[in-house]
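Structure data (mmCIF, C-alpha atoms) from query-v3.cif:
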```cif
data_final
#
loop_
_atom_site.label_atom_id
_atom_site.label_comp_id
_atom_site.auth_asym_id
_atom_site.auth_seq_id
_atom_site.Cartn_x
_atom_site.Cartn_y
_atom_site.Cartn_z
CA MET A 1 24.56 -1.43 23.50
CA THR A 2 21.09 -2.79 24.21
CA ASP A 3 20.35 -4.12 27.69
CA ILE A 4 19.42 -7.80 27.33
CA SER A 5 16.45 -7.34 29.68
CA MET A 6 14.88 -4.60 27.52
CA HIS A 7 11.75 -5.57 25.62
CA LEU A 8 12.00 -5.76 21.84
CA THR A 9 11.23 -2.61 19.89
CA THR A 10 8.86 -2.72 16.92
CA ASP A 11 11.89 -2.52 14.61
CA GLU A 12 13.42 -5.54 16.34
CA ILE A 13 10.16 -7.46 16.09
CA GLU A 14 10.15 -6.79 12.35
CA LEU A 15 13.75 -8.03 12.15
CA TRP A 16 12.73 -11.17 14.02
CA ALA A 17 9.82 -11.75 11.62
CA GLN A 18 12.35 -11.57 8.79
CA GLY A 19 14.74 -13.91 10.56
CA LEU A 20 17.27 -11.11 11.06
CA LEU A 21 17.15 -10.51 14.81
CA PRO A 22 20.66 -10.47 16.35
CA ALA A 23 21.36 -13.47 18.58
CA ALA A 24 21.72 -11.34 21.71
CA ARG A 25 18.18 -10.05 21.35
CA ALA A 26 16.87 -13.48 20.43
CA ILE A 27 17.94 -14.60 23.91
CA HIS A 28 15.63 -12.00 25.42
CA LEU A 29 12.80 -13.09 23.13
CA ALA A 30 13.23 -16.70 24.19
CA ASP A 31 12.94 -15.70 27.86
CA CYS A 32 10.22 -13.07 27.65
CA SER A 33 6.64 -14.24 27.19
CA LEU A 34 5.38 -10.66 26.69
CA CYS A 35 7.72 -10.13 23.75
CA ARG A 36 6.92 -13.55 22.29
CA VAL A 37 3.17 -12.84 22.28
CA GLU A 38 3.74 -9.40 20.76
CA ALA A 39 6.17 -10.73 18.16
CA GLU A 40 3.82 -13.53 17.14
CA ARG A 41 0.90 -11.14 16.68
CA GLU A 42 3.08 -8.86 14.56
CA ARG A 43 4.42 -11.78 12.52
CA LYS A 44 0.89 -12.87 11.60
CA VAL A 45 0.07 -9.45 10.13
CA ILE A 46 3.37 -9.23 8.24
CA LEU A 47 2.83 -12.72 6.84
CA GLU A 48 -0.65 -11.81 5.62
CA LEU A 49 0.76 -8.69 3.93
CA VAL A 50 3.67 -10.39 2.18
CA GLN A 51 1.34 -13.09 0.86
CA LEU A 52 -1.02 -10.62 -0.80
CA PRO A 53 -1.50 -11.34 -4.50
CA ARG A 54 -0.23 -9.09 -7.27
CA PHE A 55 -2.77 -7.66 -9.65
CA ALA A 56 -2.29 -6.85 -13.31
CA PRO A 57 -4.20 -4.44 -15.54
CA THR A 58 -6.45 -5.80 -18.28
CA ALA A 59 -5.09 -6.98 -21.64
CA GLY A 60 -4.07 -4.23 -24.04
CA PHE A 61 -3.03 -1.86 -21.25
CA ALA A 62 0.46 -1.28 -22.68
CA ASP A 63 -0.96 -0.55 -26.13
CA ARG A 64 -3.40 1.96 -24.68
CA VAL A 65 -0.56 3.71 -22.86
CA MET A 66 1.75 3.76 -25.88
CA ALA A 67 -1.04 5.18 -28.05
CA ARG A 68 -1.04 8.25 -25.81
CA VAL A 69 2.71 8.72 -25.50
CA LYS A 70 4.39 11.33 -27.65
CA VAL A 71 7.11 9.41 -29.41
CA PRO A 72 9.60 11.88 -30.86
CA THR A 73 10.00 11.31 -34.58
CA PRO A 74 13.55 11.74 -35.84
CA SER A 75 13.91 14.70 -38.18
CA ARG A 76 14.60 13.52 -41.69
CA ASP A 77 16.69 15.20 -44.26
CA TRP A 78 14.49 14.96 -47.35
CA THR A 79 17.25 16.30 -49.58
CA ALA A 80 19.53 13.34 -48.84
CA MET B 1 2.62 -0.43 -9.41
CA PHE B 2 -0.90 -1.40 -10.59
CA SER B 3 -1.40 -3.42 -7.39
CA LEU B 4 -0.54 -0.39 -5.27
CA LEU B 5 -2.97 1.84 -7.20
CA TYR B 6 -5.72 -0.77 -7.10
CA ARG B 7 -5.39 -1.20 -3.36
CA MET B 8 -5.29 2.56 -2.88
CA VAL B 9 -8.48 3.35 -4.81
CA ARG B 10 -10.20 -0.08 -4.74
CA ASP B 11 -11.64 0.34 -8.22
CA ARG B 12 -10.10 -1.58 -11.13
CA ALA B 13 -11.12 0.79 -13.91
CA LEU B 14 -9.97 3.82 -11.96
CA ALA B 15 -6.69 2.12 -11.02
CA GLU B 16 -6.08 1.46 -14.73
CA ASP B 17 -6.78 5.11 -15.55
CA LEU B 18 -4.33 6.22 -12.86
CA ALA B 19 -1.73 3.67 -13.99
CA GLN B 20 -2.11 4.91 -17.55
CA GLU B 21 -1.76 8.52 -16.38
CA THR B 22 1.36 7.51 -14.42
CA PHE B 23 3.07 5.78 -17.35
CA ILE B 24 2.25 8.64 -19.72
CA LYS B 25 3.76 11.10 -17.22
CA VAL B 26 6.82 8.87 -16.85
CA LEU B 27 7.36 8.36 -20.57
CA ASN B 28 6.62 11.94 -21.56
CA GLY B 29 8.70 13.34 -18.71
CA ILE B 30 11.62 10.93 -18.95
CA LYS B 31 14.03 13.86 -19.37
CA SER B 32 13.18 15.08 -15.85
CA TYR B 33 14.19 11.72 -14.33
CA ARG B 34 17.17 12.09 -12.00
CA PRO B 35 19.36 8.97 -12.18
CA GLU B 36 20.41 9.27 -8.52
CA PHE B 37 16.89 7.95 -7.72
CA LYS B 38 15.84 4.39 -8.35
CA PHE B 39 13.72 4.35 -11.51
CA SER B 40 11.02 2.21 -9.87
CA SER B 41 10.88 4.65 -6.91
CA TRP B 42 10.25 7.50 -9.33
CA ILE B 43 7.37 5.58 -10.93
CA PHE B 44 5.88 4.69 -7.53
CA LYS B 45 6.16 8.30 -6.45
CA ILE B 46 4.17 9.50 -9.49
CA ALA B 47 1.62 6.70 -9.06
CA ASN B 48 1.18 7.34 -5.35
CA ASN B 49 0.73 11.09 -5.93
CA ALA B 50 -1.93 10.32 -8.55
CA ALA B 51 -3.79 8.06 -6.10
CA ILE B 52 -3.54 10.46 -3.16
CA ASP B 53 -4.65 13.39 -5.35
CA HIS B 54 -7.61 11.37 -6.52
CA LEU B 55 -8.60 10.36 -2.98
CA ARG B 56 -8.32 13.94 -1.78
CA ARG B 57 -10.39 15.22 -4.70
CA LYS B 58 -13.08 12.68 -4.11
CA SER B 59 -12.76 12.72 -0.31
CA ILE B 60 -13.24 8.99 -0.19
CA ASP B 61 -10.17 8.26 1.88
CA THR B 62 -12.17 6.95 4.83
CA LEU B 63 -14.87 5.25 2.82
CA SER B 64 -15.10 1.56 3.47
CA LEU B 65 -17.58 -1.27 3.43
CA ASP B 66 -17.72 -1.13 7.20
CA GLY B 67 -18.32 2.59 7.48
CA SER B 68 -16.04 5.43 8.50
CA PRO B 69 -13.28 4.50 10.97
CA SER B 70 -14.26 7.60 12.93
CA ALA B 71 -17.81 6.30 13.42
CA GLU B 72 -18.30 5.46 17.08
CA THR B 73 -21.87 4.17 17.31
CA PRO B 74 -23.64 1.45 15.29
CA GLU B 75 -25.89 4.19 13.82
CA GLN B 76 -22.85 6.13 12.58
CA MET B 77 -21.33 2.94 11.16
CA ARG B 78 -24.53 2.21 9.23
CA ALA B 79 -24.85 5.79 7.99
CA THR B 80 -21.30 5.83 6.61
CA SER B 81 -21.10 2.30 5.25
CA LEU B 82 -21.33 1.36 1.61
CA GLN B 83 -24.65 -0.23 0.79
CA LEU B 84 -23.86 -2.93 -1.73
CA GLY B 85 -27.53 -3.48 -2.52
CA ASP B 86 -27.94 0.11 -3.65
CA ARG B 87 -26.87 -0.64 -7.21
CA ALA B 88 -26.80 -3.59 -9.50
CA GLU B 89 -23.48 -5.42 -9.30
CA SER B 90 -21.61 -5.50 -12.59
CA PRO B 91 -19.16 -8.29 -13.56
CA LEU B 92 -16.34 -5.85 -12.74
CA ASP B 93 -17.77 -5.26 -9.25
CA GLU B 94 -17.83 -9.00 -8.72
CA VAL B 95 -14.16 -9.24 -9.73
CA GLU B 96 -13.32 -6.43 -7.31
CA SER B 97 -15.22 -7.95 -4.42
CA ARG B 98 -13.52 -11.29 -5.07
CA GLU B 99 -10.07 -9.71 -5.31
CA LEU B 100 -10.38 -7.20 -2.49
CA GLY B 101 -12.95 -8.87 -0.28
CA THR B 102 -10.62 -10.77 2.05
CA ALA B 103 -10.27 -9.64 5.65
CA ILE B 104 -6.74 -8.30 5.14
CA GLU B 105 -7.75 -6.33 2.02
CA ARG B 106 -10.72 -4.84 3.85
CA ALA B 107 -8.49 -3.95 6.78
CA ILE B 108 -6.00 -2.23 4.45
CA ALA B 109 -8.87 -0.25 2.94
CA ARG B 110 -9.66 1.19 6.36
CA LEU B 111 -6.21 2.68 6.83
CA ARG B 112 -5.49 6.33 6.12
CA PRO B 113 -4.11 6.65 2.56
CA GLU B 114 -0.69 7.72 3.88
CA TYR B 115 -0.48 4.62 6.06
CA ARG B 116 -1.74 2.46 3.20
CA SER B 117 1.01 3.63 0.79
CA CYS B 118 3.73 3.06 3.37
CA ILE B 119 2.58 -0.40 4.45
CA LEU B 120 2.07 -1.57 0.86
CA LEU B 121 5.49 -0.32 -0.23
CA ARG B 122 7.12 -1.95 2.80
CA HIS B 123 5.49 -5.37 2.92
CA VAL B 124 4.05 -5.92 -0.55
CA GLU B 125 6.69 -4.23 -2.69
CA GLY B 126 9.53 -5.00 -0.29
CA TYR B 127 10.95 -1.47 -0.08
CA SER B 128 13.25 -0.51 2.76
CA TYR B 129 12.25 2.29 5.13
CA GLU B 130 14.84 4.55 3.46
CA GLU B 131 13.49 3.83 -0.02
CA ILE B 132 9.94 4.58 1.14
CA ALA B 133 11.08 7.87 2.68
CA GLU B 134 12.76 8.81 -0.59
CA THR B 135 9.83 7.68 -2.74
CA LEU B 136 7.15 9.42 -0.71
CA GLU B 137 9.36 12.38 0.23
CA LEU B 138 8.72 11.85 3.92
CA PRO B 139 11.14 11.96 6.86
CA LEU B 140 12.43 8.50 7.81
CA GLY B 141 10.91 8.80 11.31
CA THR B 142 7.49 9.56 9.83
CA VAL B 143 7.68 6.49 7.59
CA LYS B 144 8.52 4.29 10.58
CA THR B 145 5.69 5.78 12.61
CA TYR B 146 3.18 5.31 9.78
CA ILE B 147 4.21 1.69 9.23
CA HIS B 148 4.08 0.80 12.91
CA ARG B 149 0.69 2.48 13.33
CA ALA B 150 -0.61 0.82 10.18
CA ARG B 151 0.46 -2.62 11.40
CA ASN B 152 -1.15 -1.96 14.80
CA GLU B 153 -4.39 -0.89 13.17
CA LEU B 154 -4.37 -3.92 10.87
CA ARG B 155 -3.82 -6.18 13.86
CA VAL B 156 -6.76 -4.65 15.71
CA TYR B 157 -9.07 -4.91 12.67
CA LEU B 158 -8.07 -8.49 12.01
CA GLU B 159 -8.27 -9.59 15.63
CA ASP B 160 -11.70 -7.94 16.03
CA ARG B 161 -12.87 -9.93 13.03
CA ARG B 162 -11.57 -13.20 14.46
CA ASP B 163 -13.20 -12.67 17.88
#
```

As structure tokens, what does this structure read like?
Amino acid sequence: MTDISMHLTTDEIELWAQGLLPAARAIHLADCSLCRVEAERERKVILELVQLPRFAPTAGFADRVMARVKVPTPSRDWTA
Amino acid sequence: MFSLLYRMVRDRALAEDLAQETFIKVLNGIKSYRPEFKFSSWIFKIANNAAIDHLRRKSIDTLSLDGSPSAETPEQMRATSLQLGDRAESPLDEVESRELGTAIERAIARLRPEYRSCILLRHVEGYSYEEIAETLELPLGTVKTYIHRARNELRVYLEDRRD
């Protein structure tokens, strides 16, 4: 069991940034200015990371890949 | 997966080549896929290995617009920084500088490649620590350490920039 007076770990700060910090630890955060400053700084970085845009390759990428993939051709029975 | 590769190598054309190489490996080697792993983790693993191999081959892992992170004096920073005026900027370069020119993207570029993969998988792709450990074949403790260090370094870079 975590002592309520213990400062938040980096894992707990990440949980807080995700809104998942257990209530007992949230009490410490509310009372501890050191942890609040640290958590806020961490939250800013996490927020910048999760808001990063997704990039896509240029048009025709899938066709270029498929052109280089060995697609197994089913063996055919020519006598049928 | 393309976003991860692009942010790892910071070159669109090269990222496409590596993405193509990754998909060809995946599709041609589909029989070696082990269903106990998440399919997307397997793809990310192959993509990340391709990026890391490339960075090691080219030894550009510490290259950044601001110079090597190990540079300690302004002279060292200048000597190791990319000189944008050294070559004519192509339309593709302009796209890259627009896409990857923000403070956070530049900060990510300064991280060690191992830190970069971990932080991108965690916060951009939304992987859990366990999934990252499995994907990158790293011990769970190492993944946590890399992510915490990466976030600390990003914080320092970004706060320096704001000061």

Problem set entry | Ground truth for the PyMOL selection byres ((chain B) within 6 of (chain A)), written as an NGL selection string | :B and (3 or 20 or 24 or 123-124)

Export of the given selection (C-alpha atoms) as a PDB file, keeping the file's coordinate frame:
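Ended up saving to again.pdb:
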```
ATOM      1  CA  SER B   3      -1.400  -3.420  -7.390  1.00  0.00           C
ATOM      2  CA  GLN B  20      -2.110   4.910 -17.550  1.00  0.00           C
ATOM      3  CA  ILE B  24       2.250   8.640 -19.720  1.00  0.00           C
ATOM      4  CA  HIS B 123       5.490  -5.370   2.920  1.00  0.00           C
ATOM      5  CA  VAL B 124       4.050  -5.920  -0.550  1.00  0.00           C
TER       6      VAL B 124
END
```

Problem set entry | Residues matched by the PyMOL selection byres ((chain B and resi 111) around 9), written as an MDAnalysis selection string | chainID B and resid 61:62 69 107:110 112:116 150 153:154

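Take CA of Phe23 in chain B and CA of Thr135 in chain B: the distance between them is 16.2 Å.
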
Using all atoms listed in the file, determine which residues lie at most 9 Å from His7 in chain A, disregarding the query and same-chain residues fewer than 5 positions distant; provide the list as a short mmCIF file (atom, residue, chain, number, x, y, z; two decimals) with C-alpha atoms, in the coordinates of the input.
```
data_model
loop_
_atom_site.label_atom_id
_atom_site.label_comp_id
_atom_site.auth_asym_id
_atom_site.auth_seq_id
_atom_site.Cartn_x
_atom_site.Cartn_y
_atom_site.Cartn_z
CA ARG A 25 18.18 -10.05 21.35
CA HIS A 28 15.63 -12.00 25.42
CA LEU A 29 12.80 -13.09 23.13
CA CYS A 32 10.22 -13.07 27.65
CA LEU A 34 5.38 -10.66 26.69
CA CYS A 35 7.72 -10.13 23.75
#
```

Exercise. Leaving out Ala24 in chain A and any residue of its chain fewer than 2 positions from it, which residues lie within 12 Å of it when counting all atoms listed in the file, given as a VMD selection string?
Worked result: chain A and resid 1 to 6 8 12 16 20 to 22 26 to 31

For this session: Please indicate the distance in Å from CA of Glu130 in chain B to CA of Glu21 in chain B, rounded to one decimal place.
Result: 26.2 Å

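For the file at hand, the PyMOL selection byres ((chain B and resi 161) around 12) resolves to B:Asp66, B:Thr102, B:Ala103, B:Ile104, B:Arg106, B:Ala107, B:Leu154, B:Arg155, B:Val156, B:Tyr157, B:Leu158, B:Glu159, B:Asp160, B:Arg162, B:Asp163.
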
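The shell of residues at most 12 Å from Glu96 in chain B, with only C-alpha atoms counted and near chain neighbours (fewer than 5 positions) removed, consists of A:Phe55, B:Tyr6, B:Arg7, B:Val9, B:Arg10, B:Asp11, B:Arg12, B:Ala13, B:Leu14, B:Ala15, B:Glu89, B:Ser90, B:Pro91, B:Gly101, B:Thr102, B:Glu105, B:Arg106.
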
For this session: For Ile43 in chain B, list every protein, DNA or RNA residue within 12 Å, evaluated using only C-alpha atoms, and leave out those in the same chain fewer than 3 positions away; present the list as a PyMOL selection string.
Result: chain B and resi 1-2+4-5+18-27+29-30+33-34+37-40+46-50+135-136

For this session: Record the distance separating CA of Arg43 in chain A and CA of Arg151 in chain B, expressed in Å with one decimal.
Result: 10.0 Å

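Among the candidates B:Lys144, B:Lys45, B:Lys31, B:Arg57, the residue lying nearest to Ile119 in chain B is B:Lys144 (atoms considered: only C-alpha atoms).
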